[in-house]
file coords-v5.txt (compact mmCIF, C-alpha atoms)
# COMPACT_ATOMS: atom_id res chain seq x y z
CA MET A 28 -6.98 20.78 0.79
CA MET A 29 -9.95 20.21 3.07
CA LEU A 30 -11.34 16.87 1.92
CA GLU A 31 -14.47 15.90 3.87
CA LYS A 32 -14.99 12.20 3.32
CA ILE A 33 -14.78 9.44 0.76
CA ASP A 34 -17.63 10.26 -1.57
CA HIS A 35 -17.55 6.93 -3.35
CA ILE A 36 -15.46 3.98 -4.46
CA GLY A 37 -15.80 3.29 -8.19
CA ILE A 38 -15.78 -0.35 -9.26
CA ALA A 39 -15.47 -1.29 -12.95
CA VAL A 40 -17.96 -4.01 -13.90
CA LYS A 41 -19.12 -5.73 -17.07
CA ASP A 42 -22.67 -6.08 -15.85
CA ILE A 43 -24.34 -3.92 -13.20
CA GLU A 44 -27.11 -6.48 -12.51
CA THR A 45 -24.78 -9.40 -11.73
CA THR A 46 -22.40 -7.46 -9.50
CA GLY A 47 -25.28 -5.49 -7.98
CA LYS A 48 -26.61 -8.72 -6.50
CA PHE A 49 -23.43 -9.13 -4.45
CA TYR A 50 -23.73 -5.64 -2.92
CA ARG A 51 -27.51 -5.74 -2.41
CA GLU A 52 -28.22 -9.37 -1.57
CA MET A 53 -24.99 -10.59 0.00
CA LEU A 54 -23.64 -7.44 1.70
CA GLY A 55 -27.11 -5.95 2.23
CA LEU A 56 -26.21 -2.41 1.07
CA GLU A 57 -29.00 0.03 0.23
CA PHE A 58 -29.53 0.40 -3.55
CA LEU A 59 -30.00 4.06 -4.48
CA GLY A 60 -30.59 3.79 -8.24
CA THR A 61 -28.71 4.14 -11.51
CA GLU A 62 -27.62 7.02 -13.73
CA GLU A 63 -25.95 7.44 -17.12
CA VAL A 64 -22.92 9.75 -17.13
CA GLU A 65 -22.50 10.99 -20.70
CA SER A 66 -19.07 12.57 -20.21
CA GLN A 67 -17.56 9.21 -19.19
CA LYS A 68 -19.78 7.00 -21.40
CA VAL A 69 -20.83 4.87 -18.45
CA LYS A 70 -23.91 3.68 -16.57
CA VAL A 71 -23.49 3.81 -12.79
CA ALA A 72 -25.38 1.98 -10.00
CA PHE A 73 -25.20 3.50 -6.49
CA PHE A 74 -25.20 1.62 -3.18
CA LYS A 75 -25.09 3.45 0.17
CA ILE A 76 -22.86 2.40 3.09
CA GLY A 77 -22.44 4.96 5.89
CA GLU A 78 -21.34 8.32 4.46
CA THR A 79 -19.94 6.68 1.30
CA ASN A 80 -21.37 5.11 -1.86
CA ILE A 81 -20.18 2.06 -3.72
CA GLU A 82 -20.54 2.92 -7.42
CA LEU A 83 -20.62 0.13 -9.98
CA VAL A 84 -19.45 1.59 -13.28
CA MET A 85 -20.34 -0.17 -16.55
CA PRO A 86 -19.18 1.19 -19.94
CA THR A 87 -21.92 2.10 -22.43
CA SER A 88 -19.46 2.42 -25.32
CA ASP A 89 -16.25 0.65 -26.37
CA ASP A 90 -14.32 3.94 -26.24
CA SER A 91 -15.29 4.63 -22.62
CA PRO A 92 -12.23 4.93 -20.32
CA VAL A 93 -13.82 2.17 -18.23
CA ALA A 94 -14.05 -0.17 -21.26
CA LYS A 95 -10.28 0.23 -21.67
CA PHE A 96 -9.75 -0.52 -17.97
CA LEU A 97 -11.88 -3.70 -18.22
CA ALA A 98 -9.99 -4.83 -21.33
CA THR A 99 -6.56 -4.52 -19.70
CA LYS A 100 -7.16 -5.14 -15.99
CA GLY A 101 -10.54 -6.89 -15.80
CA GLU A 102 -13.29 -6.21 -13.29
CA GLY A 103 -12.25 -4.60 -10.02
CA ILE A 104 -11.81 -1.41 -8.02
CA HIS A 105 -11.34 1.49 -10.45
CA HIS A 106 -10.97 4.67 -8.40
CA ILE A 107 -11.42 6.43 -5.05
CA CYS A 108 -13.39 9.70 -4.99
CA TYR A 109 -13.04 12.30 -2.20
CA ALA A 110 -15.70 14.93 -1.50
CA THR A 111 -14.47 18.53 -1.40
CA ASN A 112 -16.02 21.98 -0.86
CA ASP A 113 -13.52 23.75 -3.07
CA ILE A 114 -12.56 21.74 -6.13
CA GLU A 115 -10.92 24.67 -7.97
CA GLY A 116 -8.79 25.52 -4.94
CA ASP A 117 -7.80 21.88 -4.48
CA LEU A 118 -6.81 21.47 -8.13
CA ALA A 119 -4.69 24.65 -7.95
CA SER A 120 -3.04 23.40 -4.74
CA LEU A 121 -2.34 19.97 -6.25
CA LYS A 122 -0.85 21.50 -9.40
CA GLU A 123 1.39 23.74 -7.31
CA LYS A 124 2.64 20.67 -5.41
CA GLY A 125 3.54 18.94 -8.68
CA ALA A 126 0.58 16.57 -9.06
CA ARG A 127 -0.25 15.41 -12.57
CA LEU A 128 -3.92 16.15 -13.25
CA ILE A 129 -6.10 14.39 -15.83
CA ASN A 130 -8.62 17.27 -15.60
CA GLU A 131 -7.21 20.70 -14.83
CA THR A 132 -10.73 22.10 -14.65
CA PRO A 133 -13.80 20.29 -13.27
CA ARG A 134 -16.20 18.45 -15.59
CA PRO A 135 -19.74 17.15 -15.02
CA GLY A 136 -20.05 13.98 -12.90
CA ALA A 137 -23.00 11.93 -11.62
CA HIS A 138 -25.73 13.52 -9.44
CA GLY A 139 -24.95 17.01 -10.77
CA THR A 140 -21.48 17.04 -9.19
CA ARG A 141 -18.37 18.63 -10.66
CA VAL A 142 -15.43 16.25 -10.75
CA ALA A 143 -11.74 16.01 -11.68
CA PHE A 144 -9.27 13.13 -11.77
CA ILE A 145 -5.66 13.01 -10.55
CA HIS A 146 -3.36 10.83 -12.66
CA PRO A 147 -2.42 7.43 -11.12
CA LYS A 148 1.26 8.28 -11.75
CA THR A 149 1.01 10.85 -8.97
CA SER A 150 -0.82 8.56 -6.55
CA MET A 151 1.20 5.34 -7.08
CA GLY A 152 -1.28 3.39 -9.18
CA VAL A 153 -4.53 4.61 -7.64
CA LEU A 154 -6.84 6.65 -9.84
CA THR A 155 -8.05 9.47 -7.57
CA GLU A 156 -11.10 11.68 -8.12
CA LEU A 157 -12.30 14.86 -6.43
CA ALA A 158 -16.01 15.73 -6.47
CA GLN A 159 -17.94 18.80 -5.38
CA LYS A 160 -21.73 18.93 -5.02
CA MET B 13 -25.91 -8.33 7.43
CA MET B 14 -25.84 -4.95 9.15
CA LEU B 15 -22.66 -3.33 7.85
CA GLU B 16 -22.08 0.10 9.42
CA LYS B 17 -19.57 1.87 7.22
CA ILE B 18 -16.47 1.40 5.14
CA ASP B 19 -13.81 0.78 7.78
CA HIS B 20 -10.89 1.23 5.38
CA ILE B 21 -9.65 0.93 1.83
CA GLY B 22 -6.46 -1.13 1.60
CA ILE B 23 -3.87 -0.01 -0.95
CA ALA B 24 -0.89 -2.23 -1.82
CA VAL B 25 2.35 -0.25 -1.93
CA LYS B 26 6.04 -0.99 -2.28
CA ASP B 27 7.06 1.82 0.03
CA ILE B 28 4.88 3.38 2.73
CA GLU B 29 7.01 6.54 2.94
CA THR B 30 6.77 7.46 -0.75
CA THR B 31 3.05 6.80 -1.13
CA GLY B 32 2.37 8.29 2.31
CA LYS B 33 3.57 11.66 1.02
CA PHE B 34 0.76 11.70 -1.55
CA TYR B 35 -1.94 11.11 1.09
CA ARG B 36 -0.43 13.40 3.74
CA GLU B 37 1.12 16.22 1.73
CA MET B 38 -0.96 16.32 -1.45
CA LEU B 39 -4.41 15.21 -0.23
CA GLY B 40 -3.86 16.55 3.30
CA LEU B 41 -5.22 13.46 5.11
CA GLU B 42 -4.49 13.01 8.82
CA PHE B 43 -1.70 10.47 9.45
CA LEU B 44 -2.63 8.14 12.34
CA GLY B 45 0.48 5.98 12.56
CA THR B 46 1.76 2.58 11.47
CA GLU B 47 1.38 -1.00 12.69
CA GLU B 48 2.80 -4.40 11.79
CA VAL B 49 0.19 -7.13 11.21
CA GLU B 50 1.93 -10.45 11.78
CA SER B 51 -0.86 -12.65 10.42
CA GLN B 52 -0.65 -10.96 6.99
CA LYS B 53 3.11 -10.24 7.07
CA VAL B 54 2.57 -6.56 6.31
CA LYS B 55 3.30 -3.11 7.69
CA VAL B 56 0.32 -0.76 7.49
CA ALA B 57 0.13 3.07 7.56
CA PHE B 58 -3.23 4.64 8.51
CA PHE B 59 -4.68 7.92 7.19
CA LYS B 60 -8.06 9.24 8.38
CA ILE B 61 -10.70 10.69 6.05
CA GLY B 62 -14.20 11.11 7.52
CA GLU B 63 -15.38 7.84 9.09
CA THR B 64 -12.96 5.79 6.94
CA ASN B 65 -9.23 5.12 6.87
CA ILE B 66 -6.94 4.79 3.90
CA GLU B 67 -4.53 1.96 4.75
CA LEU B 68 -1.25 1.65 2.87
CA VAL B 69 -0.17 -1.98 3.05
CA MET B 70 3.47 -2.90 2.46
CA PRO B 71 4.68 -6.53 2.58
CA THR B 72 7.34 -7.36 5.19
CA SER B 73 8.08 -10.76 3.63
CA ASP B 74 8.16 -12.19 0.10
CA ASP B 75 5.49 -14.76 1.00
CA SER B 76 3.00 -12.12 2.18
CA PRO B 77 -0.27 -12.20 0.18
CA VAL B 78 0.38 -8.52 -0.59
CA ALA B 79 3.83 -9.30 -2.05
CA LYS B 80 2.11 -11.68 -4.49
CA PHE B 81 -0.43 -8.97 -5.40
CA LEU B 82 2.36 -6.44 -6.07
CA ALA B 83 4.26 -8.96 -8.21
CA THR B 84 1.28 -9.71 -10.45
CA LYS B 85 -0.80 -6.51 -10.46
CA GLY B 86 1.57 -3.80 -9.25
CA GLU B 87 0.76 -1.03 -6.80
CA GLY B 88 -2.91 -0.11 -6.43
CA ILE B 89 -6.16 -0.60 -4.54
CA HIS B 90 -6.07 -4.01 -2.85
CA HIS B 91 -9.33 -4.41 -0.91
CA ILE B 92 -12.40 -2.76 0.64
CA CYS B 93 -13.13 -3.43 4.32
CA TYR B 94 -16.60 -2.99 5.88
CA ALA B 95 -17.13 -2.52 9.63
CA THR B 96 -19.59 -4.92 11.24
CA ASN B 97 -20.96 -5.56 14.74
CA ASP B 98 -21.47 -9.27 14.18
CA ILE B 99 -18.73 -10.85 12.10
CA GLU B 100 -19.66 -14.46 12.99
CA GLY B 101 -23.30 -13.86 12.03
CA ASP B 102 -22.28 -12.14 8.79
CA LEU B 103 -19.94 -14.98 7.80
CA ALA B 104 -22.68 -17.54 8.48
CA SER B 105 -25.16 -15.49 6.42
CA LEU B 106 -22.69 -15.12 3.53
CA LYS B 107 -21.93 -18.83 3.54
CA GLU B 108 -25.63 -19.66 3.48
CA LYS B 109 -26.05 -17.37 0.45
CA GLY B 110 -23.28 -19.21 -1.40
CA ALA B 111 -20.39 -16.78 -0.93
CA ARG B 112 -16.87 -18.22 -1.15
CA LEU B 113 -14.99 -17.23 2.01
CA ILE B 114 -11.20 -17.02 2.37
CA ASN B 115 -11.59 -17.09 6.16
CA GLU B 116 -14.55 -19.03 7.55
CA THR B 117 -13.67 -17.85 11.06
CA PRO B 118 -12.26 -14.42 12.00
CA ARG B 119 -8.53 -13.89 12.44
CA PRO B 120 -6.56 -11.05 14.09
CA GLY B 121 -6.36 -7.79 12.08
CA ALA B 122 -4.83 -4.37 12.79
CA HIS B 123 -5.86 -2.30 15.85
CA GLY B 124 -7.04 -5.42 17.72
CA THR B 125 -9.87 -6.07 15.24
CA ARG B 126 -11.11 -9.48 14.12
CA VAL B 127 -11.28 -9.78 10.34
CA ALA B 128 -12.27 -12.15 7.54
CA PHE B 129 -11.96 -11.96 3.75
CA ILE B 130 -14.52 -12.85 1.07
CA HIS B 131 -13.01 -14.34 -2.09
CA PRO B 132 -12.89 -11.98 -5.13
CA LYS B 133 -14.65 -14.69 -7.19
CA THR B 134 -17.80 -13.99 -5.21
CA SER B 135 -17.51 -10.21 -5.49
CA MET B 136 -16.49 -9.93 -9.16
CA GLY B 137 -12.81 -9.13 -8.77
CA VAL B 138 -12.97 -7.07 -5.57
CA LEU B 139 -11.28 -8.51 -2.50
CA THR B 140 -13.74 -7.76 0.33
CA GLU B 141 -12.97 -7.77 4.06
CA LEU B 142 -15.21 -7.63 7.13
CA ALA B 143 -13.81 -6.24 10.41
CA GLN B 144 -15.20 -6.11 13.93
CA LYS B 145 -13.68 -4.02 16.73
call {"tool": "encode", "arguments": {"input": "coords-v5.txt", "output": "structure tokens"}}
result
Amino acid sequence: MMLEKIDHIGIAVKDIETTGKFYREMLGLEFLGTEEVESQKVKVAFFKIGETNIELVMPTSDDSPVAKFLATKGEGIHHICYATNDIEGDLASLKEKGARLINETPRPGAHGTRVAFIHPKTSMGVLTELAQK
Amino acid sequence: MMLEKIDHIGIAVKDIETTGKFYREMLGLEFLGTEEVESQKVKVAFFKIGETNIELVMPTSDDSPVAKFLATKGEGIHHICYATNDIEGDLASLKEKGARLINETPRPGAHGTRVAFIHPKTSMGVLTELAQK
């Protein structure tokens, strides 16, 4: 594993506009735009801070994984995503070490990335994502 | 507000050793050491990733704020901390904009920092910390 940085922190929200005001107007983060991610049925707003983005994730459908998270846990931090140069190698290494993977092969993420999630059972309650540009 | 980067992500854990294995052995993050933070009644383990740290926060007393978090929400991501050069100025600016502050003046954090928390009501469920070296 040669993780480079935290790519983004994903925050589950009901409304991108309302929460976006906190990050833009109160914290003064740079707003980079929004994008719909079909594979996760979400709309995402990006805010830059140093080498990392804050991503506000709003479900676009009731059967989105994020809609289920909001229904059970409410709004809050949803996952941490690490940037990698070798997502296939990392997933193979994690599997060998006994990690439980939600995605054994990468799937399409935002900004043309390829992403995969590690199950929170492996990481003690923290949903963990890997992303490669 | 001129926030520089994400200083750390705080993760509430029951046992630093067990969760530490995930970050060190599975994700391969660099372990920087541990520290007790008296003001929060916690023991913290630090792992470096890029310009940010992952901080595993374990309560050392039942009346620690983190013990209450674990009792109600279980293990998971606890807060996001942003590095600032002017924590007093930022707190004044946030107050002026109507933010609800847990700490109106900075208090001692880990590594000799001065820190203050913004109430999750203001940031839609996300406990937010500012830290100045």
call {"tool": "closest_atom_pairs", "arguments": {"input": "coords-v5.txt", "of": "chain B", "to": "chain A", "cutoff": "7 Å", "atoms": "only C-alpha atoms", "output": "Markdown table"}}
result
| residue | atom | partner | partner_atom | distance |
| --- | --- | --- | --- | --- |
| B:Met13 | CA | A:Gly55 | CA | 5.8 |
| B:Glu16 | CA | A:Gly77 | CA | 6.0 |
| B:Lys17 | CA | A:Gly77 | CA | 4.4 |
| B:Ile18 | CA | A:Ile76 | CA | 6.8 |
| B:Thr31 | CA | A:Met151 | CA | 6.4 |
| B:Phe34 | CA | A:Ser150 | CA | 6.1 |
| B:Met38 | CA | A:Leu121 | CA | 6.2 |
| B:Leu39 | CA | A:Met28 | CA | 6.2 |
| B:Gly40 | CA | A:Met28 | CA | 5.8 |
| B:Ile61 | CA | A:Lys32 | CA | 5.3 |
| B:Gly62 | CA | A:Lys32 | CA | 4.4 |
| B:Glu87 | CA | A:Gly152 | CA | 5.4 |
| B:Gly88 | CA | A:Gly152 | CA | 4.7 |
| B:Ile89 | CA | A:Val153 | CA | 6.3 |
| B:Leu106 | CA | A:Met53 | CA | 6.2 |
| B:Lys109 | CA | A:Met53 | CA | 6.9 |
| B:Ser135 | CA | A:Phe49 | CA | 6.1 |
| B:Met136 | CA | A:Glu102 | CA | 6.4 |
| B:Gly137 | CA | A:Gly103 | CA | 4.7 |
| B:Val138 | CA | A:Gly103 | CA | 5.1 |
call {"tool": "calpha_fit_and_write", "arguments": {"input": "coords-v5.txt", "fixed": "chain A", "moving": "chain B", "output": "PDB file with C-alpha atoms, in the frame of the given file"}}
result
ATOM      1  CA  MET B  13      -6.980  20.787   0.781  1.00  0.00           C
ATOM      2  CA  MET B  14      -9.940  20.204   3.081  1.00  0.00           C
ATOM      3  CA  LEU B  15     -11.353  16.874   1.923  1.00  0.00           C
ATOM      4  CA  GLU B  16     -14.477  15.906   3.890  1.00  0.00           C
ATOM      5  CA  LYS B  17     -14.995  12.207   3.319  1.00  0.00           C
ATOM      6  CA  ILE B  18     -14.764   9.453   0.766  1.00  0.00           C
ATOM      7  CA  ASP B  19     -17.636  10.279  -1.578  1.00  0.00           C
ATOM      8  CA  HIS B  20     -17.548   6.918  -3.362  1.00  0.00           C
ATOM      9  CA  ILE B  21     -15.447   3.984  -4.460  1.00  0.00           C
ATOM     10  CA  GLY B  22     -15.793   3.292  -8.185  1.00  0.00           C
ATOM     11  CA  ILE B  23     -15.773  -0.355  -9.265  1.00  0.00           C
ATOM     12  CA  ALA B  24     -15.478  -1.304 -12.950  1.00  0.00           C
ATOM     13  CA  VAL B  25     -17.955  -4.022 -13.901  1.00  0.00           C
ATOM     14  CA  LYS B  26     -19.117  -5.729 -17.067  1.00  0.00           C
ATOM     15  CA  ASP B  27     -22.676  -6.082 -15.848  1.00  0.00           C
ATOM     16  CA  ILE B  28     -24.342  -3.920 -13.198  1.00  0.00           C
ATOM     17  CA  GLU B  29     -27.103  -6.469 -12.531  1.00  0.00           C
ATOM     18  CA  THR B  30     -24.795  -9.390 -11.716  1.00  0.00           C
ATOM     19  CA  THR B  31     -22.394  -7.454  -9.502  1.00  0.00           C
ATOM     20  CA  GLY B  32     -25.282  -5.490  -7.979  1.00  0.00           C
ATOM     21  CA  LYS B  33     -26.621  -8.727  -6.497  1.00  0.00           C
ATOM     22  CA  PHE B  34     -23.436  -9.130  -4.449  1.00  0.00           C
ATOM     23  CA  TYR B  35     -23.733  -5.639  -2.920  1.00  0.00           C
ATOM     24  CA  ARG B  36     -27.512  -5.733  -2.414  1.00  0.00           C
ATOM     25  CA  GLU B  37     -28.227  -9.361  -1.566  1.00  0.00           C
ATOM     26  CA  MET B  38     -24.987 -10.584   0.000  1.00  0.00           C
ATOM     27  CA  LEU B  39     -23.641  -7.438   1.707  1.00  0.00           C
ATOM     28  CA  GLY B  40     -27.113  -5.949   2.241  1.00  0.00           C
ATOM     29  CA  LEU B  41     -26.211  -2.416   1.069  1.00  0.00           C
ATOM     30  CA  GLU B  42     -29.004   0.031   0.229  1.00  0.00           C
ATOM     31  CA  PHE B  43     -29.535   0.385  -3.543  1.00  0.00           C
ATOM     32  CA  LEU B  44     -29.997   4.063  -4.497  1.00  0.00           C
ATOM     33  CA  GLY B  45     -30.578   3.775  -8.234  1.00  0.00           C
ATOM     34  CA  THR B  46     -28.714   4.132 -11.517  1.00  0.00           C
ATOM     35  CA  GLU B  47     -27.616   7.018 -13.735  1.00  0.00           C
ATOM     36  CA  GLU B  48     -25.956   7.436 -17.119  1.00  0.00           C
ATOM     37  CA  VAL B  49     -22.912   9.747 -17.142  1.00  0.00           C
ATOM     38  CA  GLU B  50     -22.502  10.987 -20.701  1.00  0.00           C
ATOM     39  CA  SER B  51     -19.077  12.571 -20.225  1.00  0.00           C
ATOM     40  CA  GLN B  52     -17.559   9.208 -19.199  1.00  0.00           C
ATOM     41  CA  LYS B  53     -19.794   7.012 -21.400  1.00  0.00           C
ATOM     42  CA  VAL B  54     -20.827   4.855 -18.453  1.00  0.00           C
ATOM     43  CA  LYS B  55     -23.897   3.669 -16.579  1.00  0.00           C
ATOM     44  CA  VAL B  56     -23.488   3.807 -12.803  1.00  0.00           C
ATOM     45  CA  ALA B  57     -25.361   1.975 -10.003  1.00  0.00           C
ATOM     46  CA  PHE B  58     -25.205   3.505  -6.497  1.00  0.00           C
ATOM     47  CA  PHE B  59     -25.196   1.619  -3.173  1.00  0.00           C
ATOM     48  CA  LYS B  60     -25.077   3.456   0.173  1.00  0.00           C
ATOM     49  CA  ILE B  61     -22.852   2.407   3.079  1.00  0.00           C
ATOM     50  CA  GLY B  62     -22.427   4.963   5.886  1.00  0.00           C
ATOM     51  CA  GLU B  63     -21.349   8.332   4.459  1.00  0.00           C
ATOM     52  CA  THR B  64     -19.949   6.685   1.295  1.00  0.00           C
ATOM     53  CA  ASN B  65     -21.366   5.117  -1.851  1.00  0.00           C
ATOM     54  CA  ILE B  66     -20.174   2.076  -3.724  1.00  0.00           C
ATOM     55  CA  GLU B  67     -20.535   2.923  -7.425  1.00  0.00           C
ATOM     56  CA  LEU B  68     -20.614   0.135  -9.996  1.00  0.00           C
ATOM     57  CA  VAL B  69     -19.450   1.594 -13.297  1.00  0.00           C
ATOM     58  CA  MET B  70     -20.326  -0.162 -16.552  1.00  0.00           C
ATOM     59  CA  PRO B  71     -19.182   1.190 -19.946  1.00  0.00           C
ATOM     60  CA  THR B  72     -21.928   2.104 -22.436  1.00  0.00           C
ATOM     61  CA  SER B  73     -19.464   2.403 -25.331  1.00  0.00           C
ATOM     62  CA  ASP B  74     -16.251   0.646 -26.381  1.00  0.00           C
ATOM     63  CA  ASP B  75     -14.322   3.933 -26.250  1.00  0.00           C
ATOM     64  CA  SER B  76     -15.287   4.636 -22.626  1.00  0.00           C
ATOM     65  CA  PRO B  77     -12.229   4.922 -20.330  1.00  0.00           C
ATOM     66  CA  VAL B  78     -13.830   2.162 -18.238  1.00  0.00           C
ATOM     67  CA  ALA B  79     -14.059  -0.176 -21.258  1.00  0.00           C
ATOM     68  CA  LYS B  80     -10.284   0.215 -21.676  1.00  0.00           C
ATOM     69  CA  PHE B  81      -9.758  -0.546 -17.966  1.00  0.00           C
ATOM     70  CA  LEU B  82     -11.890  -3.713 -18.211  1.00  0.00           C
ATOM     71  CA  ALA B  83     -10.011  -4.850 -21.327  1.00  0.00           C
ATOM     72  CA  THR B  84      -6.586  -4.531 -19.706  1.00  0.00           C
ATOM     73  CA  LYS B  85      -7.173  -5.150 -15.986  1.00  0.00           C
ATOM     74  CA  GLY B  86     -10.543  -6.892 -15.805  1.00  0.00           C
ATOM     75  CA  GLU B  87     -13.298  -6.212 -13.298  1.00  0.00           C
ATOM     76  CA  GLY B  88     -12.250  -4.594 -10.022  1.00  0.00           C
ATOM     77  CA  ILE B  89     -11.792  -1.402  -8.028  1.00  0.00           C
ATOM     78  CA  HIS B  90     -11.344   1.488 -10.465  1.00  0.00           C
ATOM     79  CA  HIS B  91     -10.962   4.674  -8.402  1.00  0.00           C
ATOM     80  CA  ILE B  92     -11.417   6.435  -5.049  1.00  0.00           C
ATOM     81  CA  CYS B  93     -13.373   9.705  -4.993  1.00  0.00           C
ATOM     82  CA  TYR B  94     -13.037  12.298  -2.194  1.00  0.00           C
ATOM     83  CA  ALA B  95     -15.710  14.929  -1.489  1.00  0.00           C
ATOM     84  CA  THR B  96     -14.478  18.517  -1.391  1.00  0.00           C
ATOM     85  CA  ASN B  97     -16.010  21.966  -0.854  1.00  0.00           C
ATOM     86  CA  ASP B  98     -13.506  23.746  -3.067  1.00  0.00           C
ATOM     87  CA  ILE B  99     -12.546  21.745  -6.133  1.00  0.00           C
ATOM     88  CA  GLU B 100     -10.931  24.692  -7.976  1.00  0.00           C
ATOM     89  CA  GLY B 101      -8.782  25.535  -4.943  1.00  0.00           C
ATOM     90  CA  ASP B 102      -7.807  21.884  -4.478  1.00  0.00           C
ATOM     91  CA  LEU B 103      -6.806  21.491  -8.133  1.00  0.00           C
ATOM     92  CA  ALA B 104      -4.690  24.655  -7.945  1.00  0.00           C
ATOM     93  CA  SER B 105      -3.036  23.404  -4.736  1.00  0.00           C
ATOM     94  CA  LEU B 106      -2.339  19.968  -6.252  1.00  0.00           C
ATOM     95  CA  LYS B 107      -0.858  21.510  -9.378  1.00  0.00           C
ATOM     96  CA  GLU B 108       1.389  23.746  -7.297  1.00  0.00           C
ATOM     97  CA  LYS B 109       2.624  20.667  -5.401  1.00  0.00           C
ATOM     98  CA  GLY B 110       3.534  18.945  -8.670  1.00  0.00           C
ATOM     99  CA  ALA B 111       0.584  16.573  -9.057  1.00  0.00           C
ATOM    100  CA  ARG B 112      -0.239  15.403 -12.587  1.00  0.00           C
ATOM    101  CA  LEU B 113      -3.913  16.150 -13.252  1.00  0.00           C
ATOM    102  CA  ILE B 114      -6.109  14.397 -15.829  1.00  0.00           C
ATOM    103  CA  ASN B 115      -8.609  17.264 -15.600  1.00  0.00           C
ATOM    104  CA  GLU B 116      -7.207  20.712 -14.823  1.00  0.00           C
ATOM    105  CA  THR B 117     -10.744  22.104 -14.637  1.00  0.00           C
ATOM    106  CA  PRO B 118     -13.816  20.283 -13.265  1.00  0.00           C
ATOM    107  CA  ARG B 119     -16.200  18.451 -15.577  1.00  0.00           C
ATOM    108  CA  PRO B 120     -19.758  17.148 -15.019  1.00  0.00           C
ATOM    109  CA  GLY B 121     -20.041  13.967 -12.894  1.00  0.00           C
ATOM    110  CA  ALA B 122     -23.001  11.931 -11.616  1.00  0.00           C
ATOM    111  CA  HIS B 123     -25.737  13.506  -9.438  1.00  0.00           C
ATOM    112  CA  GLY B 124     -24.950  17.007 -10.761  1.00  0.00           C
ATOM    113  CA  THR B 125     -21.475  17.032  -9.178  1.00  0.00           C
ATOM    114  CA  ARG B 126     -18.366  18.633 -10.658  1.00  0.00           C
ATOM    115  CA  VAL B 127     -15.418  16.244 -10.742  1.00  0.00           C
ATOM    116  CA  ALA B 128     -11.742  16.015 -11.677  1.00  0.00           C
ATOM    117  CA  PHE B 129      -9.264  13.126 -11.765  1.00  0.00           C
ATOM    118  CA  ILE B 130      -5.656  13.001 -10.543  1.00  0.00           C
ATOM    119  CA  HIS B 131      -3.370  10.817 -12.662  1.00  0.00           C
ATOM    120  CA  PRO B 132      -2.424   7.425 -11.106  1.00  0.00           C
ATOM    121  CA  LYS B 133       1.262   8.271 -11.724  1.00  0.00           C
ATOM    122  CA  THR B 134       1.012  10.861  -8.975  1.00  0.00           C
ATOM    123  CA  SER B 135      -0.817   8.571  -6.555  1.00  0.00           C
ATOM    124  CA  MET B 136       1.187   5.364  -7.091  1.00  0.00           C
ATOM    125  CA  GLY B 137      -1.272   3.383  -9.179  1.00  0.00           C
ATOM    126  CA  VAL B 138      -4.524   4.625  -7.633  1.00  0.00           C
ATOM    127  CA  LEU B 139      -6.827   6.658  -9.851  1.00  0.00           C
ATOM    128  CA  THR B 140      -8.046   9.470  -7.563  1.00  0.00           C
ATOM    129  CA  GLU B 141     -11.094  11.684  -8.126  1.00  0.00           C
ATOM    130  CA  LEU B 142     -12.287  14.867  -6.421  1.00  0.00           C
ATOM    131  CA  ALA B 143     -16.015  15.731  -6.462  1.00  0.00           C
ATOM    132  CA  GLN B 144     -17.938  18.807  -5.375  1.00  0.00           C
ATOM    133  CA  LYS B 145     -21.729  18.916  -5.015  1.00  0.00           C
TER     134      LYS B 145
END
call {"tool": "atom_distance", "arguments": {"input": "coords-v5.txt", "atom1": "CA of Val64 in chain A", "atom2": "CA of Glu44 in chain A"}}
result
17.4 Å
call {"tool": "atom_distance", "arguments": {"input": "coords-v5.txt", "atom1": "CA of Val84 in chain A", "atom2": "CA of Glu115 in chain A"}}
result
25.2 Å
call {"tool": "atom_distance", "arguments": {"input": "coords-v5.txt", "atom1": "CA of Ala98 in chain A", "atom2": "CA of Met70 in chain B"}}
result
27.4 Å
call {"tool": "axis_aligned_box", "arguments": {"input": "coords-v5.txt", "around": "range 46-55 of chain B", "padding_each_side": "6 Å", "output": "JSON"}}
result
{"center_x": 1.2, "center_y": -5.0, "center_z": 9.5, "size_x": 16.2, "size_y": 27.2, "size_z": 18.4}
call {"tool": "residues_near_point", "arguments": {"input": "coords-v5.txt", "point": "(-19.0, 17.0, -7.5)", "cutoff": "12 Å", "atoms": "all atoms listed in the file", "output": "ChimeraX atom specification"}}
result
/A:33-35,108-115,133-144,156-160
call {"tool": "write_last_selection", "arguments": {"input": "coords-v5.txt", "atoms": "C-alpha atoms", "output": "short mmCIF file (atom, residue, chain, number, x, y, z; two decimals), in the coordinates of the input"}}
result
data_model
loop_
_atom_site.label_atom_id
_atom_site.label_comp_id
_atom_site.auth_asym_id
_atom_site.auth_seq_id
_atom_site.Cartn_x
_atom_site.Cartn_y
_atom_site.Cartn_z
CA ILE A 33 -14.78 9.44 0.76
CA ASP A 34 -17.63 10.26 -1.57
CA HIS A 35 -17.55 6.93 -3.35
CA CYS A 108 -13.39 9.70 -4.99
CA TYR A 109 -13.04 12.30 -2.20
CA ALA A 110 -15.70 14.93 -1.50
CA THR A 111 -14.47 18.53 -1.40
CA ASN A 112 -16.02 21.98 -0.86
CA ASP A 113 -13.52 23.75 -3.07
CA ILE A 114 -12.56 21.74 -6.13
CA GLU A 115 -10.92 24.67 -7.97
CA PRO A 133 -13.80 20.29 -13.27
CA ARG A 134 -16.20 18.45 -15.59
CA PRO A 135 -19.74 17.15 -15.02
CA GLY A 136 -20.05 13.98 -12.90
CA ALA A 137 -23.00 11.93 -11.62
CA HIS A 138 -25.73 13.52 -9.44
CA GLY A 139 -24.95 17.01 -10.77
CA THR A 140 -21.48 17.04 -9.19
CA ARG A 141 -18.37 18.63 -10.66
CA VAL A 142 -15.43 16.25 -10.75
CA ALA A 143 -11.74 16.01 -11.68
CA PHE A 144 -9.27 13.13 -11.77
CA GLU A 156 -11.10 11.68 -8.12
CA LEU A 157 -12.30 14.86 -6.43
CA ALA A 158 -16.01 15.73 -6.47
CA GLN A 159 -17.94 18.80 -5.38
CA LYS A 160 -21.73 18.93 -5.02
#
